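A quick write-up on the structure given underneath.
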Amino acid sequence: MSDQAGSKGACDGDTISRPPADEAFGGEIGLIYLQPTASQSRIALAVVVLVFFMVATVAPFASVALPMFAAFIPFLNATILVTDLITAILLFAQFSISRSRALLVLAGGYLFTALIVIPHALTFPGAFSPTGFLGAGIQTTAWLYIFWHFGFPAALSAYALLKDNPSGIRGSIRSAIGRCVAITVAIVLVLTGIAIAADPYLPRLFSSATGLTTLGTFIPSVDLLFCVLSLVLMWVHRRSILDLWLMVVLCAMIGELALTVVRFSLGFYVSRMLSIATSTIVLVILLAETTGLYTRLARANAMLRRERDNKLMNLEAAVASISHEVKQPLAAIVMRGSTALRFLGYTPPDVEKARSALNKIVIEGRRASEIFDNIRDLFRKSNHQRTTIDMNKLISSIVESLHVELADHRIEVQTELQPELPPVWGHRGQLQDVLLNLIRNATEAMEAGQGKFRVLRLTSERRPNDGIGIKVTDTGPGIDPERLDTIFDAFVTTKSQGMGLGLAICRMIVERHGGQLLASSGEGGGAQFEILLPIEPRPDAAAN
């Protein structure tokens with residue numbers, strides 16, 4: 001087909017190898033790449049069977065004359081104009097994403113059909129004038145119909161041959177589409193001019209407004225044969241949903257041409273209704289697929305927004321975690337600084353106690369620095385600081401460092417540490433943070449409970465499944481049973497000034513050490529938190 005050759009030529013000047021799908025704009029998406037499902041294939045087959053059944057039913061009565069209704073043609077062609085023009089626009093849009101040469105040619109083919117029906121309607125005898133507009137002769141409309149039904153399957157044949165070619169358009173999409181449109185319009189104008197100006201010289205297809213010559217009866221069969229060849233070509237190169245429905249379109253066009261007989265007969269009217277089918281099938285599929293793609297895009301955008309919100313929440317959690325952890329040593333520094341100033345204000349100054357308070361400020365300052373290091377390692381999932389840890393020694397050192405603080409809150413500390421406890425493999429600073437957080441939570445709980453009997457119990461034991469268990473038990477009010485399921489969730493807290501991050505981070509740390517953090521409430525009151533840790537696994541196992 002000459003118009004499609006021109007469309008192809010419009011694409012050639014701007015081509016290079018199409019980039020891989022993950023580098024191209026939009027990648028391999030859309031009807032040209034999606035393979036049909038079994039259900040879609042069955043539906044397409046059912047449509048083809050329905051078309052051929054209708055053709056077979058009408059064929060014996062195709063020559064039956066019916067009332068002349070010339071206005072039917074302008075109405076029919078206007079419908080084809082609108083549907084094929086929309087289809088061409090949608091195919092151009094698909095081309096702008098995939099940059100496929102085949103789609104550009106196919107879009108040009110649908111544009112060709114949309115445009116050629118305009119002179120076909122204007123020149124049809126009796127539609128607008130007895131002999132048609134534009135100075136048309138008796139043969140003009142018939143030859144335009146032949147050009148129409150030869151050009152469109154030619155476009156589909158070119159599409160079938162080009163769609164497996166890896167080369168594609170890289171240059172300006174607007175320029176490629178513009179040239180394709182311009183060449184298609186020019187071809188339609190040339191063919192229209194030939195059909196009108198050369199009407200006296202073209203072979204006779206009609207002997208009168210409704211009477212066919214022998215050639216006029218035979219030549220639609222040439223178009224039909226070409227449609228069959230195009231269908232075979234599409235079948236050989238089929239691979240996508242678009243290919244499937246283009247084959248259905250060709251089957252409908254074959255049925256249309258099979259019923260093309262004398263004007264205003266039963267076959268004439270039915271064949272023109274099939275031409276509506278050929279123009280709307282792909283449009284319906286394109287609209288359905290566009291709607292599906294839009295739905296999937298909307299879902300993907302919603303997922304991206306959720307992912308962004310999750311990342312923002314993780315950032316907020318990191319900032320809140322730093323604030324939560326650093327406040328404790330900073331508070332201790334302020335308290336020790338005030339104490340040192342008070343001792344230095346005595347007469348004479350109590351230098352030893354001031355020195356002791358200042359030494360503790362230095363310790364808390366180092367503690368604040370360690371917190372930053374621990375949080376950095378926590379959120380980076382870093383394992384380079386892991387080593388073997390004696391949990392009994394770690395517990396003892398924490399109790400010793402908190403001795404004054406616990407005594408100020410009138411809390412009795414009881415420790416039951418199983419001797420010769422196997423070491424664990426982990427990050428000392430992070431596990432220390434877990435124990436400190438649990439102990440301080442217990443301190444706050446017992447102080448809020450206003451109980452006179454305040455006991456903090458720390459125990460360690462060997463578990464039978466190659467692990468150790470560490471329990472932190474208090475005599476506070478305990479944990480509300482309704483909150484046990486959410487107590488480790490981020491931003492869930494029972495404290496008026498809390499942020500709900502301490503226990504969430506504790507659980508994160510323990511789980512990254514391959515363990516578990518459990519919470520329970522005793523029958524007589526008080527809360528119990530149990531840390532379960534594996535015994536010194538291999539470093540690579542711990543990382544996993």
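Letters for chains follow the order of the structure tokens (A, B, ...), residue numbers begin at 1 for each chain, and ligand numbers begin at 1 in the order shown.
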List every residue of region 315-429 of chain A that DSSP, applied to the backbone of this structure, assigns to alpha helix (DSSP H), and report them as an MDAnalysis selection string.
chainID A and resid 315:344 351:380 391:401 403:408 428:429
Restricting it to C-alpha atoms, dump the selection as an mmCIF file, in the first residue's frame.
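In the end it all went to out09.cif:
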data_model
loop_
_atom_site.group_PDB
_atom_site.id
_atom_site.type_symbol
_atom_site.label_atom_id
_atom_site.label_comp_id
_atom_site.auth_asym_id
_atom_site.auth_seq_id
_atom_site.Cartn_x
_atom_site.Cartn_y
_atom_site.Cartn_z
ATOM 1 C CA LEU A 315 13.200 8.899 59.237
ATOM 2 C CA GLU A 316 10.942 10.258 61.978
ATOM 3 C CA ALA A 317 11.557 7.098 63.969
ATOM 4 C CA ALA A 318 15.330 7.497 63.589
ATOM 5 C CA VAL A 319 15.202 11.130 64.720
ATOM 6 C CA ALA A 320 12.834 10.326 67.578
ATOM 7 C CA SER A 321 15.029 7.385 68.570
ATOM 8 C CA ILE A 322 18.096 9.606 68.776
ATOM 9 C CA SER A 323 16.154 12.149 70.820
ATOM 10 C CA HIS A 324 14.749 9.426 73.062
ATOM 11 C CA GLU A 325 18.113 7.792 73.734
ATOM 12 C CA VAL A 326 20.211 10.944 74.082
ATOM 13 C CA LYS A 327 17.821 12.618 76.519
ATOM 14 C CA GLN A 328 18.751 10.127 79.234
ATOM 15 C CA PRO A 329 22.516 10.765 79.365
ATOM 16 C CA LEU A 330 21.913 14.490 78.815
ATOM 17 C CA ALA A 331 19.558 14.534 81.793
ATOM 18 C CA ALA A 332 22.186 12.713 83.828
ATOM 19 C CA ILE A 333 24.837 15.217 82.717
ATOM 20 C CA VAL A 334 22.636 18.131 83.796
ATOM 21 C CA MET A 335 21.914 16.463 87.124
ATOM 22 C CA ARG A 336 25.604 15.621 87.753
ATOM 23 C CA GLY A 337 26.623 19.140 86.719
ATOM 24 C CA SER A 338 24.159 20.640 89.209
ATOM 25 C CA THR A 339 25.452 18.280 91.878
ATOM 26 C CA ALA A 340 29.081 19.253 91.158
ATOM 27 C CA LEU A 341 28.179 22.949 91.371
ATOM 28 C CA ARG A 342 26.444 22.358 94.684
ATOM 29 C CA PHE A 343 29.478 20.537 96.102
ATOM 30 C CA LEU A 344 31.795 23.294 94.866
ATOM 31 C CA VAL A 351 36.244 18.681 95.985
ATOM 32 C CA GLU A 352 36.129 14.894 96.132
ATOM 33 C CA LYS A 353 32.373 14.709 95.639
ATOM 34 C CA ALA A 354 32.548 17.361 92.914
ATOM 35 C CA ARG A 355 35.288 15.343 91.196
ATOM 36 C CA SER A 356 33.130 12.221 91.456
ATOM 37 C CA ALA A 357 30.171 14.078 89.880
ATOM 38 C CA LEU A 358 32.386 15.449 87.106
ATOM 39 C CA ASN A 359 33.788 11.984 86.393
ATOM 40 C CA LYS A 360 30.238 10.755 86.028
ATOM 41 C CA ILE A 361 29.555 13.628 83.593
ATOM 42 C CA VAL A 362 32.467 12.400 81.491
ATOM 43 C CA ILE A 363 31.044 8.863 81.604
ATOM 44 C CA GLU A 364 27.590 10.085 80.547
ATOM 45 C CA GLY A 365 29.163 12.135 77.749
ATOM 46 C CA ARG A 366 30.884 9.028 76.439
ATOM 47 C CA ARG A 367 27.600 7.221 76.857
ATOM 48 C CA ALA A 368 25.881 9.816 74.631
ATOM 49 C CA SER A 369 28.586 9.323 71.997
ATOM 50 C CA GLU A 370 28.077 5.567 72.143
ATOM 51 C CA ILE A 371 24.345 6.064 71.644
ATOM 52 C CA PHE A 372 24.976 7.834 68.330
ATOM 53 C CA ASP A 373 27.281 5.022 67.256
ATOM 54 C CA ASN A 374 24.766 2.370 68.299
ATOM 55 C CA ILE A 375 21.863 4.039 66.485
ATOM 56 C CA ARG A 376 23.977 4.450 63.364
ATOM 57 C CA ASP A 377 24.835 0.752 63.428
ATOM 58 C CA LEU A 378 21.210 -0.137 64.150
ATOM 59 C CA PHE A 379 19.750 1.641 61.130
ATOM 60 C CA ARG A 380 22.614 0.593 58.888
ATOM 61 C CA MET A 391 25.821 -11.246 79.385
ATOM 62 C CA ASN A 392 26.373 -11.747 83.128
ATOM 63 C CA LYS A 393 29.211 -9.231 83.096
ATOM 64 C CA LEU A 394 27.128 -6.841 80.986
ATOM 65 C CA ILE A 395 24.226 -7.051 83.463
ATOM 66 C CA SER A 396 26.538 -6.531 86.420
ATOM 67 C CA SER A 397 28.179 -3.480 84.829
ATOM 68 C CA ILE A 398 24.778 -1.931 84.060
ATOM 69 C CA VAL A 399 23.519 -2.503 87.627
ATOM 70 C CA GLU A 400 26.702 -0.935 88.976
ATOM 71 C CA SER A 401 26.389 2.122 86.710
ATOM 72 C CA HIS A 403 23.354 1.949 91.457
ATOM 73 C CA VAL A 404 22.923 5.562 92.562
ATOM 74 C CA GLU A 405 19.933 6.201 90.285
ATOM 75 C CA LEU A 406 18.128 3.080 91.528
ATOM 76 C CA ALA A 407 18.919 3.919 95.142
ATOM 77 C CA ASP A 408 17.484 7.419 94.655
ATOM 78 C CA ARG A 428 27.588 -4.851 73.006
ATOM 79 C CA GLY A 429 26.319 -1.283 72.867
#
Can you pull out the residues contacting His409 (chain A)? Cut-off 12 Å, using only C-alpha atoms, and skip same-chain residues under 2 positions away; I want them as JSON, numbers by chain.
{"A": [402, 403, 404, 405, 406, 407, 411, 412, 413, 440, 442, 443, 444, 445, 446, 447, 448, 450, 451, 452, 453, 454, 455, 456]}
Residue nearest Glu416 (chain A) among A:Thr141, A:Leu438, A:Pro130, A:Arg457 (counting only C-alpha atoms)
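Of all the options, A:Arg457 lies closest to Glu416 (chain A).
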10 Å contact set for Asp164 (chain A), only C-alpha atoms, chain neighbours under 4 positions out, as a PyMOL selection string:
chain A and resi 100-102+159-160+237-239
